[in-house]
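Everything below belongs to upload-v8.txt, which stores compact mmCIF, C-alpha atoms.
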```txt
# COMPACT_ATOMS: atom_id res chain seq x y z
CA MET A 1 -14.01 -6.71 1.37
CA MET A 2 -11.01 -8.42 2.82
CA LEU A 3 -8.79 -5.50 1.77
CA LEU A 4 -11.10 -3.05 3.50
CA ARG A 5 -11.25 -5.19 6.63
CA ARG A 6 -7.47 -5.18 6.81
CA GLU A 7 -7.29 -1.39 6.44
CA LEU A 8 -9.83 -0.83 9.20
CA LYS A 9 -8.14 -3.32 11.49
CA ILE A 10 -4.77 -1.61 11.08
CA MET A 11 -6.40 1.76 11.62
CA LEU A 12 -8.12 0.67 14.83
CA ARG A 13 -4.89 -0.75 16.24
CA SER A 14 -2.89 2.40 15.54
CA PRO A 15 -5.47 5.17 15.83
CA ALA A 16 -2.85 7.88 16.49
CA GLY A 17 -2.90 9.10 12.89
CA ALA A 18 -6.67 9.48 12.75
CA ILE A 19 -6.77 11.11 16.18
CA GLN A 20 -3.99 13.51 15.23
CA SER A 21 -5.84 14.97 12.27
CA LEU A 22 -9.09 15.13 14.23
CA MET A 23 -7.36 16.87 17.13
CA PHE A 24 -5.80 19.33 14.72
CA ALA A 25 -9.22 20.27 13.37
CA VAL A 26 -10.81 20.61 16.81
CA MET A 27 -7.91 22.67 18.15
CA VAL A 28 -7.98 25.17 15.29
CA ILE A 29 -11.72 25.69 15.63
CA ALA A 30 -11.48 25.93 19.43
CA LEU A 31 -8.63 28.45 19.34
CA PHE A 32 -10.07 30.62 16.60
CA PRO A 33 -12.73 32.40 18.70
CA LEU A 34 -10.19 32.92 21.47
CA ALA A 35 -7.68 34.51 19.13
CA ILE A 36 -10.03 36.57 16.94
CA THR A 37 -13.28 37.37 18.73
CA PRO A 38 -15.92 35.48 20.67
CA ASP A 39 -18.61 37.74 19.16
CA PRO A 40 -21.17 35.42 17.44
CA SER A 41 -22.13 38.02 14.84
CA GLN A 42 -18.55 38.18 13.60
CA LEU A 43 -17.89 34.44 13.88
CA GLU A 44 -21.06 33.40 12.10
CA PRO A 45 -20.11 34.38 8.54
CA LEU A 46 -16.71 32.69 8.92
CA GLY A 47 -17.95 29.36 10.21
CA VAL A 48 -18.56 27.38 7.02
CA GLY A 49 -15.30 28.43 5.40
CA LEU A 50 -13.27 27.72 8.52
CA ILE A 51 -14.63 24.23 8.99
CA TRP A 52 -14.09 23.45 5.32
CA VAL A 53 -10.49 24.70 5.35
CA VAL A 54 -9.78 22.74 8.50
CA THR A 55 -11.32 19.60 6.98
CA LEU A 56 -9.19 20.00 3.87
CA LEU A 57 -5.99 20.47 5.85
CA ALA A 58 -6.76 17.57 8.17
CA CYS A 59 -7.29 15.33 5.13
CA LEU A 60 -3.94 16.41 3.69
CA LEU A 61 -2.28 15.78 7.04
CA ALA A 62 -3.54 12.20 7.15
CA ALA A 63 -3.02 11.53 3.45
CA ASP A 64 0.11 9.42 3.32
CA LYS A 65 0.10 7.69 6.72
CA SER A 66 -1.22 4.27 5.81
CA LEU A 67 0.32 4.26 2.35
CA LEU A 68 3.78 5.01 3.70
CA SER A 69 3.70 1.98 5.97
CA ASP A 70 2.35 -0.23 3.18
CA TYR A 71 5.15 0.98 0.94
CA ALA A 72 7.84 0.56 3.56
CA ASP A 73 6.89 -2.99 4.55
CA GLY A 74 6.27 -4.15 0.99
CA SER A 75 2.51 -4.75 1.29
CA LEU A 76 1.94 -2.34 -1.58
CA GLU A 77 4.10 -4.49 -3.88
CA GLN A 78 2.14 -7.57 -2.88
CA MET A 79 -1.17 -5.77 -3.45
CA VAL A 80 -0.06 -4.70 -6.92
CA LEU A 81 0.82 -8.33 -7.67
CA SER A 82 -2.46 -9.63 -6.26
CA ASP A 83 -5.42 -10.97 -8.18
CA TYR A 84 -7.50 -7.98 -7.12
CA PRO A 85 -7.83 -5.26 -9.74
CA LEU A 86 -5.46 -2.47 -8.82
CA TRP A 87 -8.12 0.24 -9.12
CA TRP A 88 -10.11 -1.57 -6.44
CA VAL A 89 -7.07 -1.70 -4.15
CA CYS A 90 -6.65 2.06 -4.66
CA LEU A 91 -10.34 2.75 -4.09
CA VAL A 92 -10.15 0.80 -0.83
CA LYS A 93 -7.20 2.97 0.22
CA SER A 94 -9.32 6.07 -0.44
CA ILE A 95 -12.27 4.64 1.47
CA ALA A 96 -9.99 3.85 4.40
CA HIS A 97 -8.66 7.41 4.29
CA TRP A 98 -12.20 8.74 4.35
CA VAL A 99 -13.19 6.51 7.27
CA SER A 100 -10.14 7.56 9.26
CA CYS A 101 -10.33 11.26 8.46
CA GLY A 102 -13.45 12.43 6.61
CA LEU A 103 -15.99 10.50 8.64
CA PRO A 104 -14.80 11.57 12.13
CA LEU A 105 -14.70 15.19 10.96
CA LEU A 106 -18.16 14.85 9.48
CA LEU A 107 -19.49 13.55 12.79
CA MET A 108 -17.64 16.27 14.63
CA ALA A 109 -18.88 19.06 12.34
CA PRO A 110 -22.04 19.94 14.34
CA LEU A 111 -19.89 20.42 17.43
CA LEU A 112 -17.36 22.54 15.55
CA ALA A 113 -20.24 24.54 14.08
CA ALA A 114 -21.60 25.16 17.56
CA MET A 115 -18.22 26.52 18.66
CA LEU A 116 -18.47 29.04 15.83
CA ALA A 117 -22.08 29.99 16.65
CA MET A 118 -23.47 28.69 13.37
CA PRO A 119 -27.27 28.80 12.95
CA SER A 120 -28.77 25.35 12.81
CA GLU A 121 -30.19 25.47 9.27
CA ARG A 122 -26.72 26.30 7.97
CA VAL A 123 -25.28 23.35 9.91
CA VAL A 124 -27.54 21.10 7.85
CA TRP A 125 -26.11 22.49 4.60
CA LEU A 126 -22.61 22.32 5.98
CA MET A 127 -23.11 18.64 6.74
CA ALA A 128 -24.57 18.07 3.28
CA SER A 129 -21.63 19.77 1.61
CA LEU A 130 -19.16 17.76 3.69
CA ILE A 131 -20.95 14.50 2.89
CA LEU A 132 -20.49 15.17 -0.82
CA GLY A 133 -17.16 16.95 -0.56
CA SER A 134 -15.05 14.95 1.88
CA PRO A 135 -14.95 11.79 -0.28
CA ILE A 136 -13.55 13.92 -3.12
CA LEU A 137 -10.86 15.21 -0.76
CA SER A 138 -10.02 11.65 0.28
CA LEU A 139 -9.72 10.47 -3.32
CA PHE A 140 -7.38 13.29 -4.27
CA CYS A 141 -5.33 12.97 -1.09
CA THR A 142 -4.83 9.25 -1.73
CA LEU A 143 -3.81 10.03 -5.31
CA GLY A 144 -1.28 12.55 -4.01
CA ALA A 145 0.06 10.10 -1.46
CA MET A 146 0.41 7.47 -4.16
CA LEU A 147 2.29 9.95 -6.36
CA THR A 148 4.79 10.91 -3.71
CA VAL A 149 5.25 7.64 -1.81
CA GLY A 150 8.83 6.48 -2.00
CA LEU A 151 10.18 9.90 -2.90
CA ASN A 152 12.46 11.83 -0.62
CA GLN A 153 10.67 14.51 1.38
CA SER A 154 7.35 13.19 0.16
CA SER A 155 5.35 14.74 2.98
CA ALA A 156 6.60 18.20 1.98
CA LEU A 157 5.82 17.65 -1.69
CA LEU A 158 2.36 16.20 -1.20
CA PRO A 159 0.44 19.33 -0.07
CA ILE A 160 2.03 21.51 -2.79
CA LEU A 161 1.20 18.97 -5.43
CA ILE A 162 -2.35 18.17 -4.45
CA ALA A 163 -3.72 21.39 -2.88
CA PRO A 164 -4.62 22.99 -6.26
CA PHE A 165 -6.82 20.01 -7.07
CA LEU A 166 -8.69 20.41 -3.80
CA VAL A 167 -9.59 24.04 -4.43
CA PRO A 168 -12.62 23.43 -6.72
CA THR A 169 -14.12 21.14 -4.09
CA LEU A 170 -13.49 23.73 -1.42
CA ILE A 171 -15.13 26.50 -3.43
CA LEU A 172 -18.16 24.45 -4.42
CA GLY A 173 -18.60 23.05 -0.91
CA THR A 174 -18.37 26.36 0.90
CA GLN A 175 -20.55 28.14 -1.66
CA TRP A 176 -23.20 25.47 -1.43
CA ALA A 177 -23.33 25.70 2.36
CA THR A 178 -23.17 29.51 2.63
CA THR A 179 -25.82 30.10 -0.02
CA GLY A 180 -28.09 27.78 1.92
CA GLY A 181 -28.17 25.04 -0.67
CA GLU A 182 -28.30 26.77 -4.03
CA ALA A 183 -28.91 23.93 -6.46
CA PHE A 184 -26.15 24.84 -8.94
CA TYR A 185 -23.35 24.31 -6.44
CA GLY A 186 -24.91 21.12 -5.13
CA TYR A 187 -25.17 19.65 -8.62
CA MET A 188 -21.61 20.67 -9.44
CA LEU A 189 -20.30 19.12 -6.23
CA ALA A 190 -22.22 15.91 -6.87
CA ALA A 191 -20.93 15.83 -10.43
CA LEU A 192 -17.37 16.33 -9.20
CA LEU A 193 -17.82 13.48 -6.75
CA CYS A 194 -19.11 11.13 -9.46
CA LEU A 195 -16.36 12.15 -11.84
CA SER A 196 -13.57 11.63 -9.33
CA LEU A 197 -15.09 8.38 -8.12
CA VAL A 198 -14.99 6.86 -11.59
CA THR A 199 -11.70 8.32 -12.81
CA LEU A 200 -9.32 8.70 -9.87
CA PRO A 201 -9.08 5.02 -8.84
CA PHE A 202 -7.79 4.26 -12.33
CA ALA A 203 -5.33 7.15 -12.20
CA MET A 204 -4.15 5.86 -8.83
CA ALA A 205 -3.70 2.38 -10.25
CA VAL A 206 -1.34 3.72 -12.91
CA VAL A 207 0.58 5.71 -10.32
CA ALA A 208 0.78 2.75 -7.94
CA LYS A 209 2.47 0.64 -10.60
CA ILE A 210 5.08 3.34 -11.02
CA ALA A 211 5.52 3.68 -7.26
CA VAL A 212 6.35 0.00 -6.73
CA SER A 213 8.76 -0.10 -9.68
CA ARG A 214 10.98 2.55 -8.10
CA MET B 215 8.66 -23.06 -17.61
CA LEU B 216 10.27 -19.66 -17.38
CA GLN B 217 12.49 -18.30 -20.07
CA ILE B 218 14.53 -15.12 -20.26
CA GLU B 219 15.52 -13.98 -23.74
CA SER B 220 18.20 -11.34 -24.35
CA LEU B 221 17.02 -9.31 -21.41
CA SER B 222 18.67 -5.91 -20.97
CA CYS B 223 17.89 -3.17 -18.53
CA PHE B 224 19.01 0.42 -18.17
CA ARG B 225 18.41 2.22 -14.97
CA GLN B 226 19.35 5.82 -14.30
CA ASP B 227 21.39 5.90 -17.53
CA ARG B 228 23.41 2.91 -16.46
CA HIS B 229 23.54 -0.48 -17.99
CA LEU B 230 22.39 -2.74 -15.18
CA PHE B 231 22.64 -5.91 -17.20
CA LYS B 232 22.73 -6.79 -20.84
CA ASP B 233 21.68 -9.75 -22.92
CA LEU B 234 20.69 -12.18 -20.20
CA ASN B 235 19.51 -15.58 -21.34
CA ALA B 236 18.21 -18.37 -19.17
CA LYS B 237 15.67 -21.14 -19.21
CA VAL B 238 14.24 -22.81 -16.13
CA LEU B 239 12.17 -25.96 -16.51
CA PRO B 240 9.65 -27.25 -13.96
CA GLY B 241 11.44 -28.77 -11.01
CA GLN B 242 14.58 -26.73 -11.53
CA ALA B 243 16.18 -23.93 -9.58
CA LEU B 244 18.09 -20.90 -10.79
CA GLN B 245 20.38 -18.88 -8.59
CA ILE B 246 20.91 -15.24 -9.47
CA VAL B 247 24.45 -14.26 -8.56
CA GLY B 248 25.94 -10.79 -8.51
CA GLU B 249 27.53 -8.12 -6.40
CA ASN B 250 25.51 -5.56 -4.47
CA GLY B 251 24.02 -3.12 -6.93
CA SER B 252 24.41 -5.43 -9.90
CA GLY B 253 20.66 -5.43 -10.55
CA LYS B 254 19.46 -8.60 -8.84
CA THR B 255 16.47 -6.94 -7.26
CA THR B 256 15.59 -5.20 -10.53
CA LEU B 257 15.76 -8.55 -12.32
CA PHE B 258 13.42 -10.04 -9.72
CA LYS B 259 11.04 -7.13 -10.14
CA ILE B 260 11.07 -7.62 -13.91
CA LEU B 261 10.33 -11.32 -13.52
CA ALA B 262 7.52 -10.54 -11.07
CA GLY B 263 6.03 -7.97 -13.43
CA LEU B 264 6.63 -4.97 -11.18
CA PHE B 265 9.17 -3.29 -13.43
CA GLU B 266 8.51 -2.90 -17.11
CA GLU B 267 11.29 -0.79 -18.57
CA TYR B 268 13.43 -3.45 -20.12
CA GLU B 269 14.34 -4.87 -23.47
CA GLY B 270 14.05 -8.50 -24.35
CA ARG B 271 11.46 -11.02 -23.35
CA VAL B 272 10.34 -12.91 -20.28
CA ILE B 273 8.22 -15.92 -21.16
CA THR B 274 6.32 -17.94 -18.58
CA SER B 275 4.17 -20.90 -19.41
CA ASP B 276 0.57 -19.82 -19.21
CA ALA B 277 -1.36 -19.88 -15.95
CA ALA B 278 1.85 -20.30 -13.99
CA GLN B 279 1.24 -18.08 -11.04
CA VAL B 280 4.24 -16.16 -9.70
CA LEU B 281 5.02 -15.46 -6.05
CA TYR B 282 7.55 -12.73 -5.37
CA LEU B 283 9.20 -12.18 -2.00
CA GLY B 284 11.56 -9.23 -1.97
CA HIS B 285 13.59 -7.42 0.64
CA ARG B 286 10.35 -5.96 1.88
CA TYR B 287 8.00 -8.83 2.23
CA GLY B 288 4.66 -7.33 3.15
CA VAL B 289 4.30 -8.04 6.87
CA ASN B 290 2.37 -5.29 8.61
CA ASP B 291 3.42 -4.39 12.16
CA GLN B 292 -0.09 -3.89 13.51
CA LEU B 293 -1.42 -7.28 12.43
CA THR B 294 -0.67 -10.61 14.05
CA PRO B 295 1.29 -13.28 12.15
CA ILE B 296 -1.93 -15.18 11.44
CA GLU B 297 -3.68 -12.09 10.09
CA ASN B 298 -0.68 -11.13 7.98
CA LEU B 299 -0.35 -14.60 6.53
CA LYS B 300 -4.05 -14.82 5.83
CA PHE B 301 -4.04 -11.47 4.07
CA LEU B 302 -0.98 -12.26 1.95
CA LEU B 303 -2.44 -15.59 0.90
CA GLN B 304 -5.88 -14.18 0.18
CA LEU B 305 -4.35 -11.74 -2.28
CA ASN B 306 -3.94 -14.64 -4.68
CA GLU B 307 -5.82 -17.67 -3.39
CA ASN B 308 -9.49 -18.32 -2.96
CA GLN B 309 -9.87 -20.99 -0.35
CA LEU B 310 -7.87 -21.49 2.80
CA ALA B 311 -8.20 -24.01 5.57
CA PRO B 312 -8.11 -22.02 8.81
CA ASP B 313 -5.87 -24.41 10.72
CA ALA B 314 -3.47 -24.64 7.79
CA LEU B 315 -2.36 -21.08 8.52
CA GLU B 316 -1.37 -21.95 12.04
CA ALA B 317 0.36 -25.15 10.95
CA ALA B 318 2.41 -23.24 8.40
CA LEU B 319 3.54 -20.70 10.99
CA VAL B 320 4.33 -23.43 13.51
CA ARG B 321 6.47 -25.13 10.89
CA PHE B 322 8.51 -21.94 10.76
CA GLN B 323 8.81 -22.10 14.55
CA LEU B 324 6.36 -19.33 15.31
CA ARG B 325 4.17 -20.69 18.03
CA ALA B 326 4.16 -18.36 21.01
CA GLU B 327 3.90 -15.26 18.84
CA LEU B 328 0.78 -16.19 16.89
CA ASP B 329 -1.52 -13.66 18.52
CA GLU B 330 0.87 -10.79 19.06
CA PRO B 331 1.16 -7.86 16.66
CA CYS B 332 4.16 -8.33 14.39
CA ALA B 333 5.70 -5.12 15.74
CA SER B 334 6.94 -7.13 18.71
CA LEU B 335 8.63 -9.73 16.50
CA SER B 336 12.26 -9.67 15.45
CA GLU B 337 13.22 -9.08 11.83
CA GLY B 338 13.93 -12.76 11.32
CA GLN B 339 10.58 -13.74 12.80
CA LYS B 340 8.74 -11.32 10.52
CA LYS B 341 10.53 -12.88 7.61
CA ARG B 342 9.34 -16.30 8.74
CA VAL B 343 5.75 -15.01 8.70
CA ALA B 344 6.21 -14.05 5.06
CA LEU B 345 7.96 -17.32 4.25
CA ALA B 346 5.16 -19.39 5.80
CA ARG B 347 3.17 -18.26 2.78
CA LEU B 348 5.35 -20.52 0.62
CA ILE B 349 3.95 -23.59 2.36
CA LEU B 350 0.37 -22.75 1.43
CA THR B 351 0.64 -20.97 -1.89
CA SER B 352 -0.39 -22.57 -5.16
CA ALA B 353 2.00 -20.40 -7.18
CA ARG B 354 4.25 -22.44 -9.44
CA ILE B 355 7.08 -19.95 -9.84
CA TRP B 356 8.80 -18.63 -6.73
CA LEU B 357 11.00 -15.57 -6.87
CA LEU B 358 12.91 -15.33 -3.60
CA ASP B 359 15.15 -12.30 -3.40
CA GLU B 360 17.59 -12.85 -0.54
CA ALA B 361 15.09 -15.06 1.26
CA PHE B 362 17.82 -16.96 3.08
CA SER B 363 19.34 -13.89 4.74
CA ALA B 364 18.25 -12.79 8.24
CA LEU B 365 17.30 -16.39 9.05
CA ASP B 366 18.99 -18.60 11.63
CA ALA B 367 20.16 -22.12 10.80
CA PRO B 368 16.89 -23.90 11.69
CA GLY B 369 14.94 -21.31 9.71
CA ARG B 370 17.16 -21.82 6.69
CA ALA B 371 16.73 -25.58 7.02
CA VAL B 372 12.93 -25.29 6.98
CA LEU B 373 13.07 -22.90 4.03
CA SER B 374 15.25 -25.21 1.95
CA GLU B 375 12.99 -28.17 2.82
CA VAL B 376 9.99 -26.19 1.64
CA CYS B 377 11.81 -25.14 -1.53
CA GLN B 378 12.90 -28.69 -2.28
CA ALA B 379 9.37 -29.97 -1.80
CA HIS B 380 8.19 -27.26 -4.19
CA MET B 381 10.70 -28.35 -6.83
CA ALA B 382 9.84 -32.00 -6.30
CA CYS B 383 6.26 -31.10 -7.26
CA GLY B 384 7.47 -29.50 -10.46
CA GLY B 385 7.73 -25.93 -9.19
CA ILE B 386 10.26 -23.40 -10.35
CA LEU B 387 12.56 -21.68 -7.87
CA ILE B 388 14.54 -18.57 -8.66
CA PHE B 389 16.54 -17.19 -5.78
CA SER B 390 19.45 -14.97 -4.92
CA SER B 391 21.74 -15.44 -1.99
CA HIS B 392 25.12 -14.20 -0.90
CA GLN B 393 25.63 -17.20 1.32
CA ALA B 394 26.26 -20.60 -0.15
CA ILE B 395 23.17 -22.79 0.20
CA PRO B 396 24.49 -26.40 0.17
CA GLU B 397 21.11 -27.84 -0.80
CA PHE B 398 21.08 -25.79 -3.99
CA ALA B 399 24.78 -26.00 -4.84
CA SER B 400 23.88 -27.82 -8.04
CA ALA B 401 21.40 -25.17 -9.20
CA ALA B 402 22.07 -23.34 -12.44
CA GLN B 403 23.51 -19.89 -11.96
CA LEU B 404 22.81 -16.65 -13.74
CA ARG B 405 25.60 -14.17 -13.14
CA LEU B 406 24.97 -10.43 -13.32
CA GLU B 407 28.15 -8.57 -14.17
CA ALA B 408 28.55 -4.97 -13.14
CA GLY B 409 27.61 -3.19 -16.37
CA SER B 410 29.40 -0.46 -18.24
```
Rendering of file as structure tokens:
Amino acid sequence: MMLLRRELKIMLRSPAGAIQSLMFAVMVIALFPLAITPDPSQLEPLGVGLIWVVTLLACLLAADKSLLSDYADGSLEQMVLSDYPLWWVCLVKSIAHWVSCGLPLLLMAPLLAAMLAMPSERVVWLMASLILGSPILSLFCTLGAMLTVGLNQSSALLPILIAPFLVPTLILGTQWATTGGEAFYGYMLAALLCLSLVTLPFAMAVVAKIAVSR
Amino acid sequence: MLQIESLSCFRQDRHLFKDLNAKVLPGQALQIVGENGSGKTTLFKILAGLFEEYEGRVITSDAAQVLYLGHRYGVNDQLTPIENLKFLLQLNENQLAPDALEAALVRFQLRAELDEPCASLSEGQKKRVALARLILTSARIWLLDEAFSALDAPGRAVLSEVCQAHMACGGILIFSSHQAIPEFASAAQLRLEAGS
């Protein structure tokens, strides 16, 4: 708990990173109708996909912020050497990423959906798909950040490296919401969440050990 | 007790060091000496357990907890000195007396800055925040990589007092320094030669 408290404290004192990715998402959705068409009948079929893509990109944008500072000031080394299991440290990093990026977008989603003239029953499914999907995005983004931290040009490498792994989540999430909650996609998304929740923290732990030995 | 047996390390196809041997008993200090780039930091990382690609053996007596302070010492800019110190200590210790934190920082002459974010502190002051951890830690083996640099004379004096107290209690001190530290002039030295 004390690791998580520290993450949240740091985040609240330097909220620029979280606000930046949120602003990015809101701006894209706000500009889209202006640039394409304000016609609700044309916007409506695009809504779910747009919000999902924007969520994914915002998560990528925020991926390495907190990890970079932990790496640069040496906190990451100290966390690797701590008595806490390393997978737990990595899971906390993912949770902090979700709280700073996934959660605000989730709360903002009804507003974004309204800007794209989305019918209300679809908003419910959109929210459901984001609730299951955004933690998966956060886990993968943290893994990617862990892989590239300490490398030159890491912020350029990160999206290329990790985007392919986000695609299944994107497909399942958007399909689930656009089909109005077809059970298959929901189960698959939930399964993906469980799978990444139990495997990725351990993968991150291995990667973190390599990152601090560089 | 900490023992290094025929320790060799390659890094980026280069022999950093080869066949190092050393033994440090409780209450003793060991100074790592070497030019820039001779592998001091890598040796510290090996001893701390952060770097595992080496040959040879590092033996520590069981349950001897290790504390490693490197060039980057884990002080976050957004947190205050107290919060940083508390976090760093809690990584390895269970119980902490709340006023002990403040006392440790005051000993390192941080008094006015206790409630400011560390971003407003100077580099030397941030280092003192990390060093205050030494006063409260229960770790028996200290690995201090260049801990004496970036400190002013009073800071160095406090640090060597703390280190001497640690050794008097049977602790092990392994440090590197480019300056001569008079208090540890008698410490054993381990010299890293630029490899081939």
Give me, as a compact mmCIF listing (two decimals) with C-alpha atoms, in the frame of the given file, the residues of chain A touching chain B, with the criterion being at most 12 Å (counting only C-alpha atoms).
```txt
# COMPACT_ATOMS: atom_id res chain seq x y z
CA MET A 1 -14.01 -6.71 1.37
CA MET A 2 -11.01 -8.42 2.82
CA LEU A 3 -8.79 -5.50 1.77
CA LEU A 4 -11.10 -3.05 3.50
CA ARG A 5 -11.25 -5.19 6.63
CA ARG A 6 -7.47 -5.18 6.81
CA GLU A 7 -7.29 -1.39 6.44
CA LEU A 8 -9.83 -0.83 9.20
CA LYS A 9 -8.14 -3.32 11.49
CA ILE A 10 -4.77 -1.61 11.08
CA MET A 11 -6.40 1.76 11.62
CA LEU A 12 -8.12 0.67 14.83
CA ARG A 13 -4.89 -0.75 16.24
CA SER A 14 -2.89 2.40 15.54
CA PRO A 15 -5.47 5.17 15.83
CA SER A 66 -1.22 4.27 5.81
CA LEU A 67 0.32 4.26 2.35
CA LEU A 68 3.78 5.01 3.70
CA SER A 69 3.70 1.98 5.97
CA ASP A 70 2.35 -0.23 3.18
CA TYR A 71 5.15 0.98 0.94
CA ALA A 72 7.84 0.56 3.56
CA ASP A 73 6.89 -2.99 4.55
CA GLY A 74 6.27 -4.15 0.99
CA SER A 75 2.51 -4.75 1.29
CA LEU A 76 1.94 -2.34 -1.58
CA GLU A 77 4.10 -4.49 -3.88
CA GLN A 78 2.14 -7.57 -2.88
CA MET A 79 -1.17 -5.77 -3.45
CA VAL A 80 -0.06 -4.70 -6.92
CA LEU A 81 0.82 -8.33 -7.67
CA SER A 82 -2.46 -9.63 -6.26
CA ASP A 83 -5.42 -10.97 -8.18
CA TYR A 84 -7.50 -7.98 -7.12
CA PRO A 85 -7.83 -5.26 -9.74
CA LEU A 86 -5.46 -2.47 -8.82
CA VAL A 89 -7.07 -1.70 -4.15
CA VAL A 206 -1.34 3.72 -12.91
CA ALA A 208 0.78 2.75 -7.94
CA LYS A 209 2.47 0.64 -10.60
CA ILE A 210 5.08 3.34 -11.02
CA ALA A 211 5.52 3.68 -7.26
CA VAL A 212 6.35 0.00 -6.73
CA SER A 213 8.76 -0.10 -9.68
CA ARG A 214 10.98 2.55 -8.10
```
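For the pair atom CA of B:Gly251 and atom CA of B:Leu234, the interatomic distance is 16.4 Å.
Counting from atom CA of A:Ala96, the distance to atom CA of A:Val167 is 22.0 Å.
If you measure from each of A:Thr174, A:Ser120, A:Ser134, A:Gln42 to A:Cys59 using only C-alpha atoms, the closest one turns out to be A:Ser134.
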Original post:
Near A:Leu91, counting all atoms listed in the file, which residues have an atom at most 9 Å away, once you skip same-chain residues fewer than 4 positions from it, shown as JSON, numbers by chain?
Top reply: {"A": [86, 87, 95, 96, 139, 142, 197, 200, 201, 202, 204]}
Would you output that residue set with C-alpha atoms, as an mmCIF file, keeping the file's coordinate frame?
```
data_model
loop_
_atom_site.group_PDB
_atom_site.id
_atom_site.type_symbol
_atom_site.label_atom_id
_atom_site.label_comp_id
_atom_site.auth_asym_id
_atom_site.auth_seq_id
_atom_site.Cartn_x
_atom_site.Cartn_y
_atom_site.Cartn_z
ATOM 1 C CA LEU A 86 -5.460 -2.470 -8.820
ATOM 2 C CA TRP A 87 -8.120 0.240 -9.120
ATOM 3 C CA ILE A 95 -12.270 4.640 1.470
ATOM 4 C CA ALA A 96 -9.990 3.850 4.400
ATOM 5 C CA LEU A 139 -9.720 10.470 -3.320
ATOM 6 C CA THR A 142 -4.830 9.250 -1.730
ATOM 7 C CA LEU A 197 -15.090 8.380 -8.120
ATOM 8 C CA LEU A 200 -9.320 8.700 -9.870
ATOM 9 C CA PRO A 201 -9.080 5.020 -8.840
ATOM 10 C CA PHE A 202 -7.790 4.260 -12.330
ATOM 11 C CA MET A 204 -4.150 5.860 -8.830
#
```
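Taking atom CA of A:Val198 and atom CA of A:Ala145 as endpoints, the distance between them is 18.4 Å.
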Subject >> Polymer residues at most 12 Å from (18.7, -23.1, 5.0) by all atoms listed in the file, as a PyMOL selection string >> reply: chain B and resi 322+360-378+391+393-399
Original post:
If I put a ball of radius 12 Å at (-21.4, 27.2, -1.2) in the file's coordinates, which residues poke into it when counting all atoms listed in the file, written as an MDAnalysis selection string?
Top reply: chainID A and resid 48:49 52 122 125:130 133 168:189
